[in-house]
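Shown next: my_file-v5.txt, containing compact mmCIF, C-alpha atoms and all ligand atoms.
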# COMPACT_ATOMS: atom_id res chain seq x y z
CA MET A 1 86.84 118.62 114.57
CA ASN A 2 88.66 115.83 112.78
CA HIS A 3 89.69 116.98 109.30
CA SER A 4 91.21 113.72 108.14
CA SER A 5 88.57 111.98 106.06
CA PRO A 6 88.44 108.24 106.70
CA SER A 7 89.26 106.06 103.71
CA PRO A 8 86.14 104.83 101.92
CA ILE A 9 87.91 101.55 101.19
CA SER A 10 86.97 98.44 103.15
CA ARG A 11 89.57 96.82 105.41
CA ARG A 12 89.39 93.75 103.19
CA ALA A 13 90.13 95.65 99.96
CA ALA A 14 92.75 97.83 101.64
CA ALA A 15 94.66 94.71 102.67
CA ILE A 16 95.13 93.50 99.07
CA ALA A 17 98.39 94.34 97.30
CA SER A 18 98.17 94.80 93.55
CA SER A 19 100.00 92.35 91.28
CA ALA A 20 103.67 93.40 91.37
CA THR A 21 104.22 91.61 88.08
CA LEU A 22 101.46 93.48 86.27
CA GLU A 23 102.65 96.77 87.81
CA ILE A 24 106.27 96.30 86.71
CA THR A 25 105.12 95.17 83.29
CA ALA A 26 103.04 98.34 82.94
CA VAL A 27 105.99 100.54 83.99
CA ALA A 28 108.29 98.75 81.50
CA ALA A 29 105.65 99.13 78.74
CA ALA A 30 105.28 102.87 79.47
CA MET A 31 109.08 103.30 79.35
CA LYS A 32 109.15 101.45 76.02
CA ALA A 33 106.33 103.63 74.67
CA ALA A 34 108.40 106.66 75.69
CA GLY A 35 111.18 105.41 73.41
CA LYS A 36 113.38 103.66 75.99
CA ASP A 37 115.05 100.45 74.91
CA VAL A 38 113.70 98.30 77.77
CA ILE A 39 114.27 94.56 77.89
CA ALA A 40 111.36 92.98 79.75
CA PHE A 41 111.85 89.78 81.71
CA ALA A 42 108.74 90.65 83.73
CA ALA A 43 105.27 89.29 82.88
CA GLY A 44 104.72 85.59 82.54
CA GLU A 45 103.24 85.97 79.09
CA PRO A 46 104.39 83.92 76.09
CA ASP A 47 105.58 85.98 73.10
CA LEU A 48 104.51 83.19 70.70
CA PRO A 49 101.34 83.84 68.68
CA VAL A 50 97.91 82.37 69.38
CA PRO A 51 97.51 79.43 66.97
CA ASP A 52 95.79 80.40 63.69
CA ASP A 53 92.94 77.90 63.93
CA ILE A 54 91.85 79.42 67.25
CA ILE A 55 91.92 82.95 65.85
CA GLU A 56 89.96 81.84 62.77
CA ARG A 57 87.35 80.17 64.94
CA ALA A 58 86.99 83.32 67.07
CA VAL A 59 86.45 85.45 63.96
CA GLN A 60 83.93 82.99 62.57
CA VAL A 61 81.80 82.75 65.74
CA THR A 62 81.91 86.53 66.16
CA LYS A 63 80.59 86.98 62.61
CA GLU A 64 77.90 84.40 63.32
CA GLY A 65 76.69 86.63 66.16
CA ARG A 66 77.35 84.06 68.84
CA GLY A 67 78.74 86.45 71.44
CA ARG A 68 75.71 86.22 73.71
CA TYR A 69 75.24 85.46 77.38
CA THR A 70 75.81 81.85 78.38
CA SER A 71 75.38 80.00 81.64
CA ALA A 72 77.95 81.30 84.15
CA ALA A 73 79.75 77.93 84.10
CA GLY A 74 80.05 77.99 80.31
CA LEU A 75 78.21 76.62 77.27
CA PRO A 76 77.34 72.89 77.38
CA GLU A 77 79.59 72.20 74.34
CA VAL A 78 82.46 74.01 76.05
CA ARG A 79 81.97 72.00 79.22
CA ALA A 80 81.94 68.84 77.12
CA ALA A 81 85.30 69.87 75.60
CA ILE A 82 86.64 70.60 79.10
CA ARG A 83 85.68 67.08 80.19
CA GLU A 84 87.45 65.63 77.15
CA LYS A 85 90.59 67.67 77.87
CA PHE A 86 90.62 66.50 81.50
CA ALA A 87 90.05 62.90 80.39
CA LYS A 88 93.13 63.17 78.12
CA ASP A 89 95.05 64.41 81.18
CA GLY A 90 93.96 61.33 83.12
CA TYR A 91 90.96 62.41 85.22
CA GLN A 92 87.29 61.69 84.66
CA PHE A 93 84.86 64.43 85.59
CA GLY A 94 81.09 64.26 85.17
CA ALA A 95 79.03 66.92 83.41
CA ASP A 96 78.31 68.66 86.73
CA GLN A 97 81.98 68.57 87.75
CA VAL A 98 83.51 71.06 85.30
CA MET A 99 83.17 74.74 84.50
CA ALA A 100 84.74 77.47 82.41
CA THR A 101 86.08 80.65 84.03
CA ALA A 102 87.68 83.88 82.85
CA GLY A 103 91.19 82.46 83.44
CA ALA A 104 92.90 80.60 86.24
CA LYS A 105 92.96 83.67 88.48
CA PRO A 106 89.16 83.91 88.89
CA ALA A 107 89.01 80.11 89.12
CA ILE A 108 91.27 80.22 92.19
CA TYR A 109 89.22 83.07 93.63
CA LEU A 110 85.90 81.29 93.10
CA ALA A 111 87.22 78.00 94.49
CA LEU A 112 88.54 79.66 97.63
CA TYR A 113 85.35 81.71 97.96
CA ALA A 114 83.39 78.47 97.80
CA LEU A 115 85.56 76.65 100.35
CA VAL A 116 86.77 78.97 103.10
CA ASN A 117 85.14 80.73 105.99
CA ASP A 118 86.60 83.82 107.66
CA GLY A 119 89.84 82.98 109.41
CA ASP A 120 90.39 79.62 107.70
CA GLU A 121 93.97 79.04 106.58
CA VAL A 122 95.06 78.60 102.98
CA LEU A 123 98.50 76.99 102.74
CA TYR A 124 100.92 76.92 99.81
CA PRO A 125 104.60 76.13 99.29
CA SER A 126 106.78 79.23 99.16
CA PRO A 127 108.23 80.79 96.95
CA PHE A 128 104.70 81.14 95.57
CA TRP A 129 102.87 82.95 92.80
CA GLY A 130 102.16 86.30 94.49
CA SER A 131 98.42 86.25 93.82
CA TYR A 132 97.83 83.26 96.14
CA SER A 133 98.24 85.29 99.33
CA GLU A 134 96.13 88.17 98.02
CA ILE A 135 93.31 85.97 96.69
CA ALA A 136 93.26 84.13 100.03
CA ARG A 137 93.04 87.43 101.93
CA SER A 138 90.35 88.73 99.59
CA VAL A 139 88.01 85.91 100.61
CA GLY A 140 88.72 86.39 104.33
CA ALA A 141 91.22 83.53 104.67
CA VAL A 142 94.61 83.65 106.36
CA PRO A 143 97.44 82.88 103.90
CA VAL A 144 100.15 80.54 105.22
CA ALA A 145 103.38 80.19 103.22
CA VAL A 146 105.25 76.93 103.85
CA PRO A 147 108.94 77.31 102.94
CA THR A 148 110.74 75.24 100.32
CA LEU A 149 114.51 75.45 99.87
CA PRO A 150 116.72 76.01 96.81
CA GLU A 151 119.07 73.26 98.04
CA GLU A 152 116.10 70.86 97.93
CA ASP A 153 115.23 72.00 94.39
CA PHE A 154 112.28 73.87 95.96
CA GLN A 155 110.38 70.57 96.29
CA PRO A 156 107.69 70.95 98.95
CA ASP A 157 108.52 68.99 102.10
CA ALA A 158 105.58 67.11 103.62
CA ARG A 159 107.04 67.34 107.16
CA ARG A 160 107.28 71.12 106.94
CA LEU A 161 103.75 71.20 105.53
CA GLU A 162 102.44 69.08 108.37
CA ALA A 163 104.21 71.24 110.95
CA ALA A 164 102.34 74.29 109.58
CA ILE A 165 98.90 72.69 109.91
CA THR A 166 96.50 73.92 112.60
CA PRO A 167 92.82 73.20 113.29
CA LYS A 168 92.09 76.20 111.02
CA SER A 169 93.93 74.79 107.97
CA ARG A 170 91.46 74.27 105.17
CA VAL A 171 92.97 74.47 101.67
CA LEU A 172 96.35 73.62 100.16
CA LEU A 173 97.31 75.27 96.88
CA LEU A 174 99.80 73.37 94.73
CA ASN A 175 101.47 74.63 91.56
CA SER A 176 103.73 72.43 89.46
CA PRO A 177 105.55 73.32 87.25
CA ASN A 178 105.99 76.19 89.63
CA ASN A 179 105.87 79.92 89.18
CA PRO A 180 108.39 81.35 90.11
CA THR A 181 110.89 78.50 90.74
CA GLY A 182 110.31 76.28 87.67
CA THR A 183 110.30 73.24 89.96
CA VAL A 184 108.37 70.19 88.75
CA TYR A 185 107.03 68.24 91.73
CA SER A 186 108.28 64.68 91.88
CA ARG A 187 106.11 61.61 92.46
CA GLU A 188 107.72 61.19 95.93
CA THR A 189 106.87 64.80 96.83
CA LEU A 190 103.25 64.37 95.75
CA GLU A 191 102.84 61.01 97.49
CA ALA A 192 104.13 62.48 100.75
CA ILE A 193 101.81 65.49 100.39
CA ALA A 194 98.88 63.16 99.63
CA ALA A 195 99.42 61.43 102.98
CA VAL A 196 99.24 64.79 104.81
CA VAL A 197 96.13 65.82 102.87
CA ARG A 198 94.40 62.55 103.80
CA LYS A 199 95.39 62.76 107.44
CA HIS A 200 94.25 66.37 107.89
CA ASP A 201 91.24 66.38 105.52
CA LEU A 202 92.56 69.31 103.52
CA TRP A 203 91.04 70.55 100.28
CA VAL A 204 93.53 70.94 97.43
CA LEU A 205 93.59 73.37 94.52
CA SER A 206 95.93 72.04 91.87
CA ASP A 207 97.03 74.98 89.72
CA ASP A 208 98.25 73.13 86.61
CA ILE A 209 98.57 76.15 84.34
CA TYR A 210 102.15 75.19 83.29
CA ASP A 211 101.44 71.45 82.89
CA CYS A 212 102.47 71.41 79.22
CA LEU A 213 105.77 73.22 79.86
CA VAL A 214 108.12 70.57 81.24
CA TYR A 215 111.55 70.47 79.56
CA THR A 216 113.27 67.52 81.19
CA GLN A 217 112.65 63.78 81.53
CA ASP A 218 110.25 64.59 84.38
CA LYS A 219 106.66 63.78 83.65
CA PHE A 220 104.01 66.26 84.69
CA LEU A 221 102.11 64.84 87.65
CA ASN A 222 99.55 66.32 89.98
CA LEU A 223 97.98 65.02 93.17
CA LEU A 224 95.18 63.20 91.32
CA HIS A 225 97.68 61.18 89.30
CA VAL A 226 99.42 59.82 92.39
CA ALA A 227 96.42 59.71 94.74
CA PRO A 228 93.16 59.23 92.79
CA ASP A 229 91.39 58.42 96.08
CA LEU A 230 91.66 62.14 96.89
CA ALA A 231 89.38 63.12 93.99
CA PRO A 232 86.57 64.12 96.41
CA ARG A 233 88.89 66.82 97.82
CA VAL A 234 90.85 68.02 94.76
CA ILE A 235 89.99 70.83 92.38
CA VAL A 236 92.03 70.99 89.17
CA ILE A 237 92.55 74.40 87.60
CA ASN A 238 94.05 75.16 84.20
CA SER A 239 93.87 77.85 81.53
CA LEU A 240 94.84 78.59 77.95
CA SER A 241 96.97 81.60 78.94
CA LYS A 242 100.34 79.84 78.93
CA SER A 243 99.64 76.85 76.65
CA HIS A 244 98.13 78.90 73.78
CA SER A 245 99.27 82.49 74.56
CA MET A 246 95.62 83.38 75.17
CA THR A 247 96.43 85.56 78.20
CA GLY A 248 94.05 88.39 77.32
CA TRP A 249 91.28 86.10 76.07
CA ARG A 250 90.57 85.13 79.67
CA PHE A 251 89.69 81.47 79.52
CA GLY A 252 90.26 78.96 82.30
CA ILE A 253 88.90 75.55 83.20
CA VAL A 254 88.06 73.84 86.48
CA GLY A 255 87.26 70.25 87.41
CA GLY A 256 86.29 69.06 90.86
CA PRO A 257 83.56 67.75 93.16
CA ALA A 258 80.08 68.74 91.93
CA VAL A 259 79.16 70.44 95.20
CA VAL A 260 82.08 72.88 94.87
CA ILE A 261 81.59 73.46 91.14
CA GLU A 262 77.91 74.24 91.79
CA ALA A 263 78.83 76.83 94.43
CA MET A 264 81.48 78.38 92.17
CA GLY A 265 79.00 78.64 89.31
CA ARG A 266 76.35 80.15 91.56
CA VAL A 267 78.75 82.82 92.81
CA ALA A 268 80.00 83.52 89.27
CA SER A 269 76.40 83.88 88.08
CA GLN A 270 75.98 86.82 90.44
CA VAL A 271 79.37 88.55 90.28
CA SER A 272 80.84 88.11 86.80
CA GLY A 273 78.48 86.08 84.66
CA ASN A 274 79.92 83.85 81.98
CA PRO A 275 83.48 83.96 80.68
CA ASN A 276 83.68 85.71 77.28
CA THR A 277 81.52 83.69 74.89
CA ILE A 278 83.80 84.17 71.86
CA SER A 279 86.76 82.92 73.91
CA GLN A 280 84.69 79.95 75.11
CA LEU A 281 83.76 78.90 71.57
CA ALA A 282 87.28 79.37 70.23
CA ALA A 283 88.64 77.49 73.25
CA ILE A 284 86.91 74.31 72.08
CA THR A 285 89.44 74.16 69.23
CA ALA A 286 92.31 74.48 71.71
CA LEU A 287 90.88 71.99 74.21
CA ARG A 288 90.33 69.35 71.51
CA GLY A 289 93.76 69.90 69.91
CA LYS A 290 97.32 69.40 71.12
CA VAL A 291 99.77 71.94 72.46
CA ASP A 292 102.18 72.75 69.61
CA PRO A 293 105.51 71.01 70.44
CA THR A 294 107.46 73.79 68.67
CA ARG A 295 106.24 76.20 71.39
CA VAL A 296 107.74 73.99 74.05
CA ALA A 297 110.97 73.57 72.04
CA SER A 298 111.29 77.32 71.53
CA LEU A 299 110.85 78.05 75.25
CA ASN A 300 113.21 75.22 76.17
CA HIS A 301 115.91 76.65 73.92
CA ARG A 302 115.54 80.07 75.54
CA ARG A 303 115.59 78.48 79.00
CA GLN A 304 118.94 76.90 78.17
CA VAL A 305 120.36 80.18 76.83
CA LEU A 306 119.19 82.21 79.83
CA ILE A 307 120.39 79.70 82.43
CA ARG A 308 123.78 79.29 80.74
CA GLU A 309 124.24 83.06 80.71
CA LEU A 310 123.06 83.60 84.29
CA GLN A 311 125.20 80.76 85.59
CA SER A 312 128.28 82.42 84.08
CA ILE A 313 127.85 85.45 86.39
CA PRO A 314 130.16 85.32 89.43
CA GLY A 315 128.27 85.42 92.75
CA LEU A 316 124.88 84.65 91.23
CA TYR A 317 123.38 81.28 92.16
CA CYS A 318 120.85 80.13 89.58
CA PRO A 319 119.17 76.75 90.01
CA VAL A 320 118.05 75.06 86.77
CA PRO A 321 114.28 75.39 86.30
CA ARG A 322 112.68 72.27 84.77
CA GLY A 323 109.32 73.69 83.79
CA ALA A 324 107.19 76.86 83.36
CA PHE A 325 109.18 79.80 81.89
CA TYR A 326 111.00 81.51 84.71
CA ALA A 327 114.58 81.67 86.00
CA PHE A 328 114.81 82.43 89.71
CA PRO A 329 118.42 83.24 90.65
CA SER A 330 119.47 84.09 94.19
CA ILE A 331 120.87 87.61 94.57
CA LYS A 332 121.69 87.06 98.24
CA SER A 333 125.39 87.80 97.83
CA PHE A 334 124.56 91.25 96.40
CA LEU A 335 121.94 92.41 98.91
CA GLY A 336 123.21 94.80 101.58
CA LYS A 337 126.00 95.96 99.26
CA SER A 338 126.45 99.39 97.79
CA TYR A 339 125.65 100.29 94.18
CA ARG A 340 126.47 103.82 92.94
CA GLY A 341 126.18 105.10 96.51
CA HIS A 342 122.84 103.35 97.28
CA THR A 343 122.63 100.45 99.70
CA VAL A 344 120.62 97.78 97.91
CA ALA A 345 118.75 96.33 100.87
CA THR A 346 115.93 94.39 99.20
CA SER A 347 115.08 92.59 95.98
CA THR A 348 112.60 95.40 95.29
CA ASP A 349 115.44 97.99 95.47
CA PHE A 350 117.49 95.70 93.24
CA SER A 351 114.80 95.37 90.55
CA LYS A 352 114.01 99.10 90.63
CA LEU A 353 117.64 100.14 90.12
CA LEU A 354 118.15 97.50 87.42
CA LEU A 355 115.17 98.87 85.50
CA GLN A 356 116.10 102.50 86.05
CA ASP A 357 119.81 102.27 85.18
CA GLN A 358 120.06 99.32 82.79
CA LEU A 359 116.51 99.25 81.39
CA VAL A 360 116.03 95.61 82.35
CA ALA A 361 112.66 94.68 83.88
CA THR A 362 112.57 91.78 86.37
CA VAL A 363 110.19 90.91 89.20
CA PRO A 364 111.67 91.08 92.71
CA GLY A 365 111.52 87.92 94.80
CA ASP A 366 109.67 90.00 97.42
CA ALA A 367 106.58 89.52 95.23
CA PHE A 368 106.87 85.73 95.65
CA GLY A 369 107.78 85.48 99.33
CA ALA A 370 111.47 85.02 98.39
CA PRO A 371 113.31 88.21 99.35
CA ASP A 372 116.74 86.94 98.21
CA HIS A 373 115.71 86.22 94.63
CA VAL A 374 114.71 87.91 91.42
CA ARG A 375 112.54 86.43 88.65
CA LEU A 376 113.35 86.59 84.94
CA THR A 377 110.80 85.35 82.41
CA TYR A 378 112.30 83.80 79.28
CA THR A 379 109.43 84.54 76.92
CA THR A 380 111.70 87.13 75.29
CA PRO A 381 113.52 86.78 71.93
CA GLU A 382 116.96 85.16 72.27
CA LYS A 383 118.83 88.29 71.19
CA ASP A 384 117.04 90.25 73.94
CA ILE A 385 117.91 87.56 76.47
CA LEU A 386 121.59 87.91 75.55
CA GLU A 387 121.50 91.71 75.67
CA GLY A 388 119.44 91.68 78.89
CA VAL A 389 121.94 89.43 80.65
CA ARG A 390 124.83 91.58 79.38
CA ARG A 391 123.19 94.58 81.08
CA PHE A 392 122.40 92.50 84.19
CA LYS A 393 126.11 91.62 84.42
CA ALA A 394 127.14 95.26 83.97
CA PHE A 395 124.75 96.20 86.80
CA LEU A 396 126.14 93.54 89.15
CA ALA A 397 129.71 94.54 88.34
CA GLU A 398 129.09 97.88 90.05
CA PHE A 399 128.17 96.34 93.42
CA ARG A 400 130.80 97.01 96.09
N1 LIG A 501 98.50 80.54 88.26
C1 LIG A 501 99.79 80.77 88.02
C2 LIG A 501 100.80 79.94 88.73
C3 LIG A 501 100.19 81.79 87.14
O1 LIG A 501 101.49 82.01 86.92
C4 LIG A 501 99.20 82.58 86.51
C5 LIG A 501 99.54 83.72 85.58
N2 LIG A 501 100.84 83.98 85.40
C6 LIG A 501 97.87 82.30 86.79
C7 LIG A 501 97.55 81.28 87.67
C8 LIG A 501 96.74 83.08 86.18
O2 LIG A 501 96.58 82.85 84.84
P1 LIG A 501 95.31 83.28 84.01
O3 LIG A 501 94.36 83.96 84.94
O4 LIG A 501 95.82 84.19 82.94
O5 LIG A 501 94.73 82.03 83.45
N1 LIG A 502 100.73 85.49 86.43
C1 LIG A 502 101.61 86.11 85.45
C2 LIG A 502 103.01 86.21 86.02
O1 LIG A 502 103.30 85.63 87.02
C3 LIG A 502 101.03 87.46 85.09
C4 LIG A 502 100.93 88.41 86.26
C5 LIG A 502 99.68 88.31 87.02
O2 LIG A 502 98.70 87.73 86.51
O3 LIG A 502 99.67 88.82 88.14
O4 LIG A 502 103.83 86.87 85.47
Just give me the structure of the file as structure tokens.
Amino acid sequence: MNHSSPSPISRRAAAIASSATLEITAVAAAMKAAGKDVIAFAAGEPDLPVPDDIIERAVQVTKEGRGRYTSAAGLPEVRAAIREKFAKDGYQFGADQVMATAGAKPAIYLALYALVNDGDEVLYPSPFWGSYSEIARSVGAVPVAVPTLPEEDFQPDARRLEAAITPKSRVLLLNSPNNPTGTVYSRETLEAIAAVVRKHDLWVLSDDIYDCLVYTQDKFLNLLHVAPDLAPRVIVINSLSKSHSMTGWRFGIVGGPAVVIEAMGRVASQVSGNPNTISQLAAITALRGKVDPTRVASLNHRRQVLIRELQSIPGLYCPVPRGAFYAFPSIKSFLGKSYRGHTVATSTDFSKLLLQDQLVATVPGDAFGAPDHVRLTYTTPEKDILEGVRRFKAFLAEFR
């Protein structure tokens, strides 16, 4: 008789890794709650407050009793505000071409669910936001990471992309400014990618969640700006998580071809229903307003402090991120070395020991397909950035 009980979990669910970032953030939060002085460079979550007018609007609509079911794609007035926001960004979508979702994460899931069949390939430049591979797998697709290089400023290379394409390639996911590298795709990069997309009839998901966080002279551009002829194949995804600190409010927006939006809404109507109605109504205020420039200035200042400090560490190579809110130094010269009698073989070992011994939480590059790197989020007060880097330096000084 076989005593080992088979797992009740489906092969599909068993194949999904949980979000390393959320896991590390939870461990760091539990350590903090236990009284440990942890400095967290982990979750990509702004520490700045949600703007007052949005909070006031949420309170008002809650008191008015408006928290009822809506259509899965969002209230008509919310969809109208989404269209206006996209029009300000430079793309015109019709009323049947936009929807609201519970954040960018479910938007990516629904879009892939709508577009891919089992075994289709979903491509994305790597390093990549760790959820892309897992969302792709969860809808039965095969994730394909296409390398980018630090010496090329992590700009995606169209030739490498084209070399990765097979008859099964279906969707390309693009994310600029990029999590985790901070790279802002250039016009040349996007034009070259557009040519590959046209030639191979790919669908594109443009994850523009960091579009308002560009700190240099670069202008935010996505594929639709440089190749408007591709509109029938491009789905634009955004959310209020990073631009308005509304991470837990769960509100995202999507614009794209009506046939895909219809399928996404139909699936959402059966699996999740509408995004939170209070968040939808409060989001109108955010969508019609402007992103507060002092937010961007505050993050930019902290970017400069963190990069200056990291670049002063011998042996650590830290490219300058131009957007988003992450530093992504290479720890290659430390891997394989010994630290207090342990061989630090991987970025996961590195991040674990750094948290355990110096109480500094980072996300290992392993979570982003970049085993030689570690990610630090600079949504932390400046004094914590300085103290965190001091501890980071002390940690590195013990490598032999
Ligand atoms: N895309 C990227 C690139 C992200 O970094 C994140 C969150 N950090 C998301 C999507 C998901 O954001 P949300 O679901 O909170 O809108
Ligand atoms: N996406 C955010 C990050 O990269 C939060 C983590 C997550 O959603 O998995 O830090």
So that each row is one residue of chain A with an atom at most 10 Å from ligand LIG 502 (chain A), can you give its shortest atom pair and the distance in Å to one decimal, using all atoms listed in the file, rows by chain and rising number, as CSV?
residue,atom,partner,partner_atom,distance
A:Ser18,CA,A:LIG502,O3,8.2
A:Ser19,CA,A:LIG502,O3,4.7
A:Ala20,CA,A:LIG502,O3,6.9
A:Thr21,CA,A:LIG502,C4,4.9
A:Leu22,CA,A:LIG502,C4,5.1
A:Glu23,CA,A:LIG502,O3,8.5
A:Ile24,CA,A:LIG502,C4,9.5
A:Thr25,CA,A:LIG502,C4,8.5
A:Phe41,CA,A:LIG502,O4,9.3
A:Ala42,CA,A:LIG502,O4,6.4
A:Ala43,CA,A:LIG502,O4,3.8
A:Gly44,CA,A:LIG502,O4,3.3
A:Glu45,CA,A:LIG502,O4,6.5
A:Pro46,CA,A:LIG502,O4,9.8
A:Gly103,CA,A:LIG502,O2,9.7
A:Ala104,CA,A:LIG502,O2,9.2
A:Lys105,CA,A:LIG502,O2,7.3
A:Phe128,CA,A:LIG502,O1,9.8
A:Trp129,CA,A:LIG502,O1,6.4
A:Gly130,CA,A:LIG502,O3,7.3
A:Ser131,CA,A:LIG502,O3,6.4
A:Tyr132,CA,A:LIG502,O3,9.9
A:Asn179,CA,A:LIG502,O1,6.6
A:Pro180,CA,A:LIG502,O1,7.3
A:Ile209,CA,A:LIG502,N1,9.8
A:Ser241,CA,A:LIG502,C1,9.2
A:Lys242,CA,A:LIG502,C1,9.1
A:Thr247,CA,A:LIG502,C3,8.5
A:Phe325,CA,A:LIG502,O4,9.6
A:Tyr326,CA,A:LIG502,O4,9.0
A:Val363,CA,A:LIG502,O4,8.4
A:Ala367,CA,A:LIG502,O1,9.7
A:Phe368,CA,A:LIG502,O1,9.3
A:Arg375,CA,A:LIG502,O4,9.3
A:Leu376,CA,A:LIG502,O4,9.5
A:Thr377,CA,A:LIG502,O4,7.8
Can you pull out the residues contacting range 360-362 of chain A? Cut-off 10 Å, using only C-alpha atoms, and skip same-chain residues under 4 positions away; I want them as JSON, numbers by chain.
{"A": [21, 24, 25, 27, 28, 29, 37, 38, 39, 40, 41, 42, 43, 347, 348, 350, 351, 352, 353, 354, 355, 356, 374, 375, 376, 377, 387, 388, 389, 391, 392, 395]}
Nearby residues (only C-alpha atoms) at most 9 Å from range 310-312 of chain A, same-chain spacing under 3 positions excluded, as an NGL selection string:
:A and (305-307 or 316-319 or 327 or 329 or 389 or 392-393)
Between A:Ala286, A:Leu240, A:Val344, A:Ala258, which one has atoms that come closest to ligand LIG 501 (chain A), using only C-alpha atoms and all ligand atoms?
A:Leu240
For the point (90.4, 70.9, 86.5) in the file's frame, write as a count of residues only all residues with an atom no more than 6 Å away, counting all atoms listed in the file.
6
Which residue, A:Asp372, A:Glu262, A:Asp366, A:Asp211, has the smallest gap to ligand LIG 501 (chain A) when you use only C-alpha atoms and all ligand atoms?
A:Asp211
Residues near Ile278 in chain A, anyone? I mean within 10 Å using all atoms listed in the file, not counting same-chain ones fewer than 4 positions away, as a PyMOL selection string.
chain A and resi 57-62+65-68+249+282-283
For each of A:Lys36, A:His244, A:Lys63, A:Arg302, take the minimum atom-to-atom distance to ligand LIG 501 (chain A), counting only C-alpha atoms and all ligand atoms, then give the residue where this is smallest.
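Of all the options, A:His244 lies closest to ligand LIG 501 (chain A).
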